[in-house]
$ cat target32.txt   # compact mmCIF, C-alpha atoms
# COMPACT_ATOMS: atom_id res chain seq x y z
CA MET A 30 243.73 47.86 266.01
CA VAL A 31 241.90 50.90 264.69
CA MET A 32 241.64 54.22 266.44
CA THR A 33 240.34 57.35 264.78
CA ALA A 34 240.33 60.98 265.75
CA VAL A 35 239.98 64.28 263.97
CA GLU A 36 242.84 66.46 262.88
CA GLU A 37 243.10 69.88 264.44
CA SER A 38 241.83 71.49 261.24
CA SER A 39 238.58 69.53 261.51
CA ASP A 40 238.12 69.27 265.30
CA VAL A 41 234.74 70.99 265.21
CA ALA A 42 233.36 68.66 262.56
CA GLY A 43 234.77 65.65 264.37
CA ARG A 44 233.20 66.63 267.66
CA GLY A 45 229.90 67.15 265.89
CA VAL A 46 230.05 63.65 264.48
CA ALA A 47 230.92 62.16 267.85
CA GLU A 48 228.19 64.08 269.66
CA SER A 49 225.62 63.01 267.09
CA LEU A 50 226.61 59.37 267.36
CA VAL A 51 227.21 58.96 271.07
CA ASP A 52 224.04 60.05 272.81
CA GLU A 53 224.33 60.22 276.56
CA PRO A 54 221.37 58.63 278.31
CA ALA A 55 219.25 60.68 280.62
CA GLU A 56 220.24 60.42 284.26
CA ASP A 57 217.11 58.43 285.14
CA GLU A 58 217.32 56.21 282.06
CA VAL A 59 218.60 52.68 282.57
CA LEU A 60 219.73 50.86 279.46
CA PRO A 61 218.55 47.25 279.21
CA PRO A 62 221.43 44.73 279.14
CA LEU A 63 222.53 43.34 275.80
CA GLY A 64 221.21 39.96 276.86
CA LYS A 65 217.70 41.42 276.70
CA ASN A 66 218.18 43.30 273.42
CA ARG A 67 216.17 41.05 271.10
CA ASN A 68 217.34 42.63 267.86
CA PHE A 69 221.00 42.47 268.84
CA LEU A 70 220.73 38.86 269.98
CA LEU A 71 219.12 37.84 266.67
CA LEU A 72 221.79 39.66 264.67
CA TRP A 73 224.61 38.32 266.86
CA ALA A 74 223.42 34.71 266.83
CA GLY A 75 222.55 34.60 263.12
CA ALA A 76 225.87 36.09 262.09
CA GLY A 77 227.71 33.79 264.50
CA VAL A 78 226.16 30.67 262.97
CA SER A 79 226.91 32.03 259.49
CA ILE A 80 230.57 32.68 260.37
CA LEU A 81 230.84 29.19 261.80
CA GLY A 82 229.46 27.77 258.56
CA SER A 83 232.06 29.69 256.55
CA ARG A 84 234.87 28.36 258.77
CA ILE A 85 233.57 24.80 258.28
CA SER A 86 233.50 25.11 254.49
CA ALA A 87 236.93 26.78 254.37
CA ILE A 88 238.73 23.64 255.57
CA ALA A 89 236.34 21.40 253.62
CA TYR A 90 237.37 22.93 250.27
CA THR A 91 241.00 21.98 250.85
CA LEU A 92 240.18 18.51 252.14
CA LEU A 93 237.81 17.74 249.28
CA VAL A 94 240.22 18.76 246.53
CA TYR A 95 243.32 17.16 248.00
CA TRP A 96 241.65 13.90 248.99
CA SER A 97 239.95 13.62 245.60
CA THR A 98 242.87 14.61 243.35
CA GLY A 99 246.01 14.21 245.45
CA SER A 100 247.17 17.51 243.97
CA ALA A 101 248.43 20.22 246.30
CA THR A 102 248.39 22.62 243.35
CA ALA A 103 244.67 22.04 242.77
CA ALA A 104 243.99 22.53 246.47
CA SER A 105 245.99 25.77 246.50
CA LEU A 106 244.05 27.08 243.50
CA VAL A 107 240.75 26.65 245.34
CA THR A 108 242.21 28.30 248.45
CA PHE A 109 243.48 31.17 246.29
CA ALA A 110 240.01 31.64 244.78
CA ALA A 111 238.48 31.70 248.26
CA LEU A 112 240.93 34.36 249.51
CA LEU A 113 240.90 36.55 246.40
CA PRO A 114 237.75 38.47 247.44
CA GLN A 115 239.67 39.78 250.48
CA LEU A 116 241.57 42.06 248.13
CA PHE A 117 238.96 42.87 245.49
CA MET A 118 235.60 42.97 247.28
CA GLN A 119 236.24 44.99 250.43
CA LEU A 120 235.80 48.45 248.91
CA PRO A 121 232.68 47.78 246.82
CA ALA A 122 231.17 45.90 249.77
CA GLY A 123 231.64 48.92 252.01
CA ALA A 124 230.00 51.26 249.51
CA VAL A 125 227.08 48.89 248.93
CA ALA A 126 226.53 48.47 252.68
CA ASP A 127 226.22 52.25 253.00
CA ARG A 128 223.84 52.78 250.08
CA TRP A 129 221.55 49.70 250.21
CA ASP A 130 219.25 48.41 252.93
CA ARG A 131 221.55 46.29 255.08
CA ARG A 132 218.98 43.72 256.07
CA ARG A 133 218.09 43.02 252.44
CA LEU A 134 221.76 42.95 251.52
CA MET A 135 222.51 40.35 254.20
CA ILE A 136 219.48 38.26 253.23
CA THR A 137 220.61 38.37 249.59
CA CYS A 138 224.07 37.22 250.64
CA ASP A 139 222.63 34.33 252.64
CA LEU A 140 220.46 33.23 249.72
CA GLY A 141 223.37 33.47 247.29
CA ARG A 142 225.68 31.49 249.56
CA MET A 143 223.05 28.80 250.10
CA VAL A 144 222.59 28.34 246.35
CA ALA A 145 226.34 28.38 245.65
CA ILE A 146 227.30 25.91 248.37
CA SER A 147 224.41 23.61 247.47
CA THR A 148 225.96 23.07 244.03
CA ILE A 149 228.95 21.46 245.75
CA VAL A 150 226.67 19.20 247.78
CA VAL A 151 224.98 18.02 244.57
CA MET A 152 228.33 17.61 242.78
CA VAL A 153 229.88 15.52 245.56
CA ILE A 154 226.81 13.33 246.02
CA ALA A 155 226.78 12.73 242.26
CA GLY A 156 230.40 11.56 242.47
CA HIS A 157 231.90 14.26 240.26
CA LEU A 158 234.61 16.78 241.07
CA TRP A 159 235.31 19.75 238.83
CA VAL A 160 238.00 22.05 240.20
CA PRO A 161 236.98 25.13 238.13
CA LEU A 162 233.45 24.89 239.62
CA LEU A 163 234.90 24.63 243.13
CA MET A 164 237.02 27.70 242.47
CA ALA A 165 234.00 29.62 241.22
CA VAL A 166 231.88 28.64 244.24
CA ALA A 167 234.71 29.45 246.66
CA PHE A 168 235.10 32.89 245.09
CA ILE A 169 231.35 33.57 245.16
CA GLU A 170 230.93 32.41 248.73
CA GLY A 171 233.96 34.41 249.84
CA SER A 172 232.70 37.54 248.10
CA LEU A 173 229.19 37.29 249.54
CA THR A 174 230.64 36.65 252.99
CA ILE A 175 232.58 39.91 252.83
CA PHE A 176 229.45 41.84 251.83
CA TYR A 177 227.55 40.13 254.66
CA LEU A 178 230.13 40.79 257.37
CA ILE A 179 230.65 44.46 256.50
CA ALA A 180 226.89 45.04 256.48
CA GLU A 181 226.51 43.15 259.78
CA ARG A 182 229.21 45.19 261.49
CA ALA A 183 227.60 48.46 260.40
CA ALA A 184 224.14 47.18 261.39
CA VAL A 185 225.26 46.69 265.01
CA PHE A 186 225.38 50.46 265.31
CA THR A 187 221.63 50.66 264.62
CA VAL A 188 220.48 48.03 267.14
CA VAL A 189 222.75 48.90 270.08
CA PRO A 190 222.91 52.22 271.99
CA GLY A 191 226.21 54.06 271.76
CA GLU A 192 226.99 53.32 275.41
CA GLN A 193 226.89 49.56 274.71
CA ILE A 194 228.90 49.47 271.49
CA GLY A 195 231.99 48.34 273.38
CA ALA A 196 230.25 45.38 274.98
CA ALA A 197 228.54 44.48 271.70
CA MET A 198 231.73 44.47 269.65
CA SER A 199 233.50 42.53 272.41
CA ARG A 200 230.89 39.80 272.01
CA ASN A 201 231.17 39.95 268.24
CA GLU A 202 234.95 39.55 268.27
CA ALA A 203 234.75 36.67 270.76
CA ARG A 204 232.11 35.06 268.56
CA SER A 205 234.42 35.22 265.54
CA GLN A 206 237.34 33.84 267.56
CA ALA A 207 235.20 30.96 268.79
CA ALA A 208 233.96 30.18 265.28
CA GLY A 209 237.54 30.05 264.03
CA LEU A 210 238.55 27.86 266.95
CA ILE A 211 235.89 25.17 266.46
CA GLY A 212 235.06 25.57 262.77
CA GLN A 213 238.02 23.65 261.37
CA PRO A 214 237.71 20.66 263.74
CA ILE A 215 233.98 20.43 263.00
CA GLY A 216 234.60 20.68 259.26
CA THR A 217 237.23 17.96 259.46
CA MET A 218 234.98 15.59 261.42
CA LEU A 219 232.02 16.15 259.11
CA PHE A 220 234.22 15.52 256.07
CA ALA A 221 235.46 12.28 257.60
CA ALA A 222 231.85 11.13 258.01
CA LEU A 223 230.53 12.16 254.58
CA ARG A 224 232.39 14.31 252.08
CA TRP A 225 229.36 16.46 251.27
CA LEU A 226 228.34 16.94 254.92
CA PRO A 227 230.45 20.04 255.78
CA PHE A 228 229.03 21.85 252.76
CA GLY A 229 225.50 20.82 253.72
CA ALA A 230 226.12 22.10 257.25
CA THR A 231 227.35 25.41 255.82
CA ALA A 232 224.19 25.78 253.73
CA VAL A 233 222.07 25.15 256.83
CA ALA A 234 224.10 27.74 258.77
CA HIS A 235 223.35 30.38 256.13
CA LEU A 236 219.67 29.40 256.24
CA ILE A 237 219.62 29.96 260.01
CA SER A 238 221.22 33.37 259.51
CA LEU A 239 218.56 34.28 256.95
CA ILE A 240 215.76 33.28 259.32
CA THR A 241 217.14 35.37 262.19
CA LEU A 242 217.37 38.42 259.93
CA MET A 243 213.70 38.11 259.01
CA PHE A 244 212.73 38.33 262.70
CA ILE A 245 214.69 41.51 263.44
CA ARG A 246 212.14 44.28 263.90
CA LYS A 247 214.45 47.29 263.81
CA ASP A 248 215.58 49.08 260.66
CA LEU A 249 219.27 48.30 260.10
CA GLN A 250 219.83 51.34 257.90
CA GLY A 251 219.93 55.02 258.70
CA ASP A 252 218.49 57.82 256.59
CA ARG A 253 219.43 57.57 252.90
CA SER A 254 217.33 60.46 251.57
CA GLY A 255 220.25 62.31 249.97
CA PRO A 256 221.23 62.04 246.31
CA ARG A 257 222.85 58.78 245.27
CA ARG A 258 226.20 59.15 243.54
CA HIS A 259 228.35 56.80 241.51
CA ILE A 260 229.75 54.00 243.64
CA LEU A 261 233.35 55.02 242.81
CA ALA A 262 232.63 58.52 244.09
CA GLU A 263 231.29 57.07 247.34
CA ILE A 264 234.36 54.87 247.75
CA ALA A 265 236.57 57.91 247.16
CA GLU A 266 234.60 59.80 249.81
CA GLY A 267 235.34 57.00 252.26
CA PHE A 268 239.07 57.29 251.54
CA ARG A 269 238.94 61.08 251.96
CA PHE A 270 237.24 60.68 255.33
CA VAL A 271 239.89 58.21 256.53
CA TRP A 272 242.68 60.48 255.29
CA THR A 273 241.34 63.45 257.27
CA GLN A 274 241.45 61.44 260.49
CA GLN A 275 244.97 61.89 261.81
CA TYR A 276 244.83 59.18 264.46
CA LEU A 277 243.03 56.72 262.24
CA ARG A 278 245.83 57.07 259.68
CA ARG A 279 248.41 56.40 262.36
CA ALA A 280 246.52 53.40 263.71
CA LEU A 281 246.15 51.87 260.26
CA MET A 282 249.90 52.16 259.78
CA LEU A 283 250.32 50.20 263.02
CA ILE A 284 247.84 47.58 261.85
CA ALA A 285 249.48 47.03 258.48
CA ALA A 286 252.97 46.80 259.97
CA SER A 287 252.06 44.48 262.84
CA ASN A 288 250.02 42.20 260.55
CA ILE A 289 253.15 41.62 258.46
CA LEU A 290 254.96 40.51 261.59
CA PHE A 291 252.10 38.24 262.65
CA GLN A 292 252.40 36.33 259.38
CA VAL A 293 256.12 35.83 259.98
CA LEU A 294 255.37 34.65 263.52
CA GLY A 295 252.83 32.13 262.29
CA LEU A 296 255.23 30.47 259.87
CA GLY A 297 258.10 30.92 262.30
CA LEU A 298 256.22 28.89 264.91
CA ILE A 299 256.06 25.93 262.52
CA VAL A 300 259.78 26.22 261.77
CA ILE A 301 260.73 26.43 265.46
CA VAL A 302 258.64 23.40 266.41
CA LYS A 303 259.95 21.32 263.50
CA HIS A 304 263.59 22.25 264.18
CA ASN A 305 263.16 21.12 267.78
CA GLY A 306 261.71 17.74 266.84
CA GLY A 307 258.10 18.67 267.51
CA SER A 308 255.08 17.28 265.70
CA PRO A 309 252.01 18.82 264.02
CA ALA A 310 250.13 17.98 267.21
CA THR A 311 252.48 20.31 269.10
CA ILE A 312 251.70 23.11 266.66
CA GLY A 313 248.00 22.39 267.06
CA PHE A 314 248.33 22.62 270.84
CA ILE A 315 250.07 26.01 270.67
CA ILE A 316 247.62 27.41 268.11
CA GLY A 317 244.65 26.11 270.08
CA ALA A 318 245.87 27.61 273.35
CA SER A 319 246.57 30.98 271.75
CA ALA A 320 243.17 30.97 270.01
CA VAL A 321 241.44 30.52 273.36
CA ALA A 322 243.51 33.40 274.73
CA GLY A 323 242.47 35.58 271.80
CA MET A 324 238.82 34.83 272.54
CA LEU A 325 239.30 35.69 276.22
CA GLY A 326 241.03 38.92 275.23
CA ALA A 327 238.06 39.89 273.09
CA LEU A 328 235.63 39.11 275.90
CA SER A 329 237.62 41.21 278.39
CA SER A 330 238.24 44.14 276.04
CA ASN A 331 235.30 46.15 277.38
CA PHE A 332 236.83 45.88 280.87
CA PHE A 333 240.12 47.34 279.64
CA MET A 334 238.43 50.05 277.58
CA ARG A 335 236.49 51.28 280.61
CA ARG A 336 239.61 51.45 282.77
CA TRP A 337 242.37 52.37 280.33
CA GLY A 338 240.75 53.95 277.29
CA ILE A 339 241.77 53.41 273.67
CA ARG A 340 245.10 55.24 273.72
CA ARG A 341 246.52 53.29 276.64
CA ILE A 342 245.44 50.01 275.04
CA ILE A 343 247.28 50.94 271.83
CA MET A 344 250.50 51.84 273.63
CA THR A 345 250.41 48.97 276.13
CA VAL A 346 249.61 46.24 273.63
CA ASN A 347 252.23 47.34 271.11
CA GLY A 348 254.85 47.66 273.86
CA ALA A 349 254.02 44.21 275.21
CA TRP A 350 254.21 42.73 271.72
CA ALA A 351 257.73 44.12 271.30
CA VAL A 352 258.94 42.32 274.44
CA LEU A 353 257.08 39.09 273.67
CA MET A 354 258.20 38.86 270.03
CA LEU A 355 261.83 39.31 271.06
CA SER A 356 261.44 36.57 273.65
CA ILE A 357 260.33 34.06 270.98
CA ALA A 358 263.92 34.00 269.69
CA PHE A 359 264.97 32.33 272.96
CA ALA A 360 261.95 30.07 273.49
CA GLN A 361 262.31 26.42 272.55
CA GLN A 362 259.85 24.46 274.66
CA PRO A 363 256.20 24.08 273.55
CA ILE A 364 254.86 25.29 276.91
CA ALA A 365 256.94 28.48 276.70
CA LEU A 366 255.89 29.08 273.10
CA ALA A 367 252.24 28.47 273.97
CA ALA A 368 252.46 30.96 276.84
CA ILE A 369 254.09 33.66 274.70
CA PHE A 370 251.71 33.23 271.77
CA SER A 371 248.73 33.16 274.13
CA VAL A 372 249.64 36.51 275.67
CA ILE A 373 250.24 37.97 272.20
CA LEU A 374 246.83 36.79 271.00
CA PHE A 375 245.16 37.97 274.21
CA GLY A 376 246.45 41.46 273.47
CA ALA A 377 245.28 41.15 269.87
CA GLY A 378 241.77 40.29 271.07
CA VAL A 379 241.66 43.33 273.34
CA SER A 380 243.06 45.72 270.74
CA ASN A 381 240.91 44.48 267.86
CA VAL A 382 237.70 45.23 269.74
CA ALA A 383 238.99 48.58 271.00
CA GLY A 384 239.87 49.66 267.48
CA ILE A 385 236.52 48.63 266.02
CA VAL A 386 234.61 50.40 268.80
CA PHE A 387 236.49 53.67 268.40
CA THR A 388 236.12 53.61 264.63
CA MET A 389 232.37 52.96 264.82
CA LYS A 390 231.77 55.67 267.40
CA THR A 391 233.61 58.38 265.49
CA THR A 392 232.45 57.51 261.97
CA PRO A 393 229.12 58.86 260.67
CA GLU A 394 226.45 56.18 260.27
CA ASN A 395 226.28 56.64 256.50
CA LYS A 396 230.03 55.94 256.18
CA GLN A 397 230.26 52.94 258.51
CA GLY A 398 230.48 50.39 255.70
CA ARG A 399 233.10 52.22 253.68
CA VAL A 400 235.39 53.08 256.58
CA GLY A 401 235.17 49.52 257.90
CA SER A 402 235.97 48.09 254.49
CA ILE A 403 238.99 50.37 254.03
CA ALA A 404 240.40 49.35 257.40
CA THR A 405 239.84 45.67 256.61
CA LEU A 406 241.43 46.02 253.19
CA LEU A 407 244.56 47.55 254.66
CA ALA A 408 244.72 44.79 257.26
CA SER A 409 244.28 42.13 254.56
CA GLY A 410 246.99 43.74 252.49
CA GLY A 411 249.33 43.50 255.46
CA ASN A 412 248.53 39.80 255.75
CA SER A 413 249.26 39.16 252.08
CA LEU A 414 252.55 41.04 252.15
CA GLY A 415 253.45 39.36 255.42
CA ALA A 416 253.05 35.89 253.90
CA LEU A 417 255.62 36.78 251.23
CA VAL A 418 258.02 38.37 253.72
CA ALA A 419 257.75 35.33 256.00
CA GLY A 420 258.82 32.88 253.32
CA VAL A 421 261.77 34.96 252.11
CA LEU A 422 263.02 35.79 255.61
CA LEU A 423 262.75 32.27 257.05
CA ASP A 424 264.36 30.69 253.99
CA ASN A 425 267.40 32.96 254.10
CA VAL A 426 268.29 33.46 257.76
CA ALA A 427 268.43 31.32 260.88
CA ILE A 428 265.16 31.09 262.80
CA ARG A 429 266.58 32.86 265.88
CA THR A 430 267.89 35.69 263.71
CA ALA A 431 264.51 35.95 261.99
CA MET A 432 262.69 36.23 265.31
CA LEU A 433 265.16 38.87 266.51
CA VAL A 434 264.47 40.84 263.33
CA VAL A 435 260.71 40.55 263.96
CA GLY A 436 261.16 41.67 267.56
CA GLY A 437 263.38 44.58 266.53
CA VAL A 438 260.84 45.81 264.01
CA MET A 439 258.12 45.50 266.65
CA VAL A 440 260.19 47.67 268.99
CA VAL A 441 260.20 50.39 266.32
CA ILE A 442 256.43 50.02 265.88
CA ALA A 443 255.91 50.25 269.65
CA VAL A 444 257.96 53.45 269.83
CA PHE A 445 255.86 54.91 267.02
CA ALA A 446 252.67 53.93 268.90
CA ILE A 447 253.86 55.69 272.06
CA VAL A 448 254.90 58.83 270.17
CA ALA A 449 251.72 58.88 268.08
CA PHE A 450 249.21 58.32 270.90
CA GLY A 451 250.99 59.30 274.09
CA GLY A 452 250.92 63.07 273.72
CA ARG A 453 248.73 65.55 275.55
CA LYS A 454 246.97 66.52 272.34
CA ALA A 455 245.85 62.96 271.75
CA ALA A 456 244.59 62.69 275.33
CA GLU A 457 242.67 65.96 275.03
CA LEU A 458 241.13 64.88 271.76
CA GLU A 459 239.98 61.58 273.24
CA ARG A 460 238.27 63.49 276.05
CA GLU A 461 236.71 65.98 273.62
CA LEU A 462 235.20 63.20 271.57
CA ASN A 463 233.44 62.07 274.74
CA VAL A 464 233.61 58.41 273.74
CA THR A 465 232.09 56.13 276.37
CA TYR A 466 232.50 52.38 276.47
$ encode --input "target32.txt" --output "structure tokens"
Amino acid sequence: MVMTAVEESSDVAGRGVAESLVDEPAEDEVLPPLGKNRNFLLLWAGAGVSILGSRISAIAYTLLVYWSTGSATAASLVTFAALLPQLFMQLPAGAVADRWDRRRLMITCDLGRMVAISTIVVMVIAGHLWVPLLMAVAFIEGSLTIFYLIAERAAVFTVVPGEQIGAAMSRNEARSQAAGLIGQPIGTMLFAALRWLPFGATAVAHLISLITLMFIRKDLQGDRSGPRRHILAEIAEGFRFVWTQQYLRRALMLIAASNILFQVLGLGLIVIVKHNGGSPATIGFIIGASAVAGMLGALSSNFFMRRWGIRRIIMTVNGAWAVLMLSIAFAQQPIALAAIFSVILFGAGVSNVAGIVFTMKTTPENKQGRVGSIATLLASGGNSLGALVAGVLLDNVAIRTAMLVVGGVMVVIAVFAIVAFGGRKAAELERELNVTY
């Protein structure tokens, strides 16, 4: 989860940013509900369909390569190509989203993804499979998706009043959770029917996204009248901004550390189920249940933000994770594991939205893309490192010992969260920023 605040040396500047971004409505002004915000609904629906299409194609790449070649190595190469943009495209995507018109950028991404994915449709229908081409298309689609999503997240700020950012991002996070939940089953079923069908469905999804963007009437970009600098200078400016935010730095440390543990938990779940005679269906049940819980957590995050605020969410969620991760070491039954993982993912849904909201509300509009990309890059880096740690740890120690290690590390992270965000200074700063949800 991401929370940002301004260091004491820059409190005045930070409050100026917050006051300029979070405009309080007049007493007699009633904001229309998000359900009647035409521009937001178009952006939300179009991006949701596009995300669903990307989830469908993600599983289809693996299925196509493995079923056609029987080579796990070839399948892993395509998966590697699809994930590589997570490390290399985040920073340039953030800078581009801040300097270019976001609507045009997103339309360009949709067009590019449609063309790229259509080449696979043609290749499969023609009865040919060339792994290097699949790798290239997977990399291109993954790269364009990152540019699209960063621009879309920043664009929300321009179509939704500051007072409704919390509700908007709650819907966005739930949308992404839902797409992840149903995307893989849909992709699998479409592949079983016709091997080119999931890729065709993905191309149609990007077309729908493009059409919705063309009907949005509001400008998705703020003022860009200042001088344009080199893209590396703008990326560096984004890093400097993040570094000056004391609480953002602390929150990003929490994100990176907890993401490492989540990767160990994911692989650890498979090991626990297998060691206890469970089947892949059991794993699917636990993952499905926890995914639903994550979606519900995202949907309810605005409720918790209004009643607890960001700081209490950070401390409560990290503390709860410490207890829950320790308890996994003693859980053996699928129902117990499903319950524990569901509560963990519920907390993740709440905290993810809370972090995004706070970051958006305290980051200037012309830095939204860069700050969002930096946070995502650090989170992705934690995932990558976590995958390596998970394999080494689970191969060298007993599963119960591994889970106790994970829980112990989470206890340390929880203590850091309480120390970092539980003080009076942090509470005063949150009030000074006047962030409403």
$ residues_around --input "target32.txt" --residues "range 374-381 of chain A" --least-positions-apart "3" --cutoff "9 Å" --atoms "all atoms listed in the file" --output "PyMOL selection string"
chain A and resi 30-31+199+202-203+206+319-331+333-334+339+342-343+345-347+349-350+369-371+384-386
$ residues_around --input "target32.txt" --residues "Phe291 in chain A" --least-positions-apart "2" --cutoff "10 Å" --atoms "only C-alpha atoms" --output "ChimeraX atom specification"
/A:286-289,293-297,354,373-374,411-412,415-416,419,435
$ closest_residue --input "target32.txt" --among "A:Ala351, A:Ile85, A:Val444, A:Leu72" --to "Ile146 in chain A" --atoms "all atoms listed in the file"
A:Ile85
$ residues_around --input "target32.txt" --residues "His259 in chain A" --least-positions-apart "2" --cutoff "12 Å" --atoms "all atoms listed in the file" --output "ChimeraX atom specification"
/A:121,124-125,128,256-257,261-266
$ atom_distance --input "target32.txt" --atom1 "CA of Leu355 in chain A" --atom2 "CA of Trp337 in chain A"
25.2 Å
$ atom_distance --input "target32.txt" --atom1 "CA of Ser308 in chain A" --atom2 "CA of Asp424 in chain A"
20.1 Å
$ closest_residue --input "target32.txt" --among "A:Val144, A:Ile80, A:Leu163, A:Ala222" --to "Ala104 in chain A" --atoms "all atoms listed in the file"
A:Leu163
$ closest_residue --input "target32.txt" --among "A:Leu173, A:Met198, A:Leu210, A:Ile403" --to "Arg84 in chain A" --atoms "all atoms listed in the file"
A:Leu210
$ closest_residue --input "target32.txt" --among "A:Arg133, A:His157, A:Arg142, A:Arg335" --to "Ala180 in chain A" --atoms "only C-alpha atoms"
A:Arg133
$ atom_distance --input "target32.txt" --atom1 "CA of Leu406 in chain A" --atom2 "CA of Arg269 in chain A"
15.3 Å
$ decode --input "target32.txt" --residues "range 78-97 of chain A" --atoms "N, CA and C atoms" --output "tab-separated table (two decimals), in the first residue's frame"
chain	number	residue	atom	x	y	z
A	78	VAL	N	-12.74	-3.64	-19.60
A	78	VAL	CA	-12.79	-4.61	-20.70
A	78	VAL	C	-11.39	-4.88	-21.22
A	79	SER	N	-10.57	-3.82	-21.32
A	79	SER	CA	-9.20	-3.98	-21.81
A	79	SER	C	-8.37	-4.85	-20.87
A	80	ILE	N	-8.51	-4.63	-19.55
A	80	ILE	CA	-7.79	-5.45	-18.57
A	80	ILE	C	-8.23	-6.90	-18.66
A	81	LEU	N	-9.53	-7.11	-18.82
A	81	LEU	CA	-10.03	-8.47	-18.97
A	81	LEU	C	-9.42	-9.15	-20.19
A	82	GLY	N	-9.33	-8.41	-21.30
A	82	GLY	CA	-8.71	-8.96	-22.50
A	82	GLY	C	-7.26	-9.35	-22.26
A	83	SER	N	-6.53	-8.52	-21.53
A	83	SER	CA	-5.13	-8.85	-21.23
A	83	SER	C	-5.01	-10.09	-20.36
A	84	ARG	N	-5.93	-10.26	-19.40
A	84	ARG	CA	-5.91	-11.47	-18.56
A	84	ARG	C	-6.22	-12.72	-19.40
A	85	ILE	N	-7.13	-12.58	-20.36
A	85	ILE	CA	-7.47	-13.72	-21.22
A	85	ILE	C	-6.27	-14.14	-22.06
A	86	SER	N	-5.58	-13.17	-22.65
A	86	SER	CA	-4.44	-13.51	-23.51
A	86	SER	C	-3.26	-14.03	-22.69
A	87	ALA	N	-3.13	-13.60	-21.44
A	87	ALA	CA	-1.99	-14.03	-20.62
A	87	ALA	C	-1.97	-15.54	-20.46
A	88	ILE	N	-3.12	-16.15	-20.15
A	88	ILE	CA	-3.15	-17.60	-20.01
A	88	ILE	C	-3.09	-18.27	-21.38
A	89	ALA	N	-3.63	-17.59	-22.40
A	89	ALA	CA	-3.66	-18.19	-23.74
A	89	ALA	C	-2.26	-18.35	-24.32
A	90	TYR	N	-1.35	-17.43	-24.03
A	90	TYR	CA	0.04	-17.56	-24.51
A	90	TYR	C	0.64	-18.89	-24.04
A	91	THR	N	0.51	-19.14	-22.72
A	91	THR	CA	1.09	-20.36	-22.16
A	91	THR	C	0.45	-21.61	-22.74
A	92	LEU	N	-0.88	-21.60	-22.83
A	92	LEU	CA	-1.59	-22.76	-23.36
A	92	LEU	C	-1.21	-23.03	-24.81
A	93	LEU	N	-1.14	-21.98	-25.61
A	93	LEU	CA	-0.84	-22.15	-27.03
A	93	LEU	C	0.54	-22.76	-27.23
A	94	VAL	N	1.53	-22.22	-26.54
A	94	VAL	CA	2.90	-22.69	-26.73
A	94	VAL	C	3.05	-24.12	-26.21
A	95	TYR	N	2.55	-24.38	-25.02
A	95	TYR	CA	2.76	-25.72	-24.45
A	95	TYR	C	1.98	-26.78	-25.20
A	96	TRP	N	0.75	-26.49	-25.58
A	96	TRP	CA	-0.05	-27.48	-26.30
A	96	TRP	C	0.47	-27.71	-27.72
A	97	SER	N	1.14	-26.72	-28.29
A	97	SER	CA	1.63	-26.85	-29.66
A	97	SER	C	3.02	-27.47	-29.71
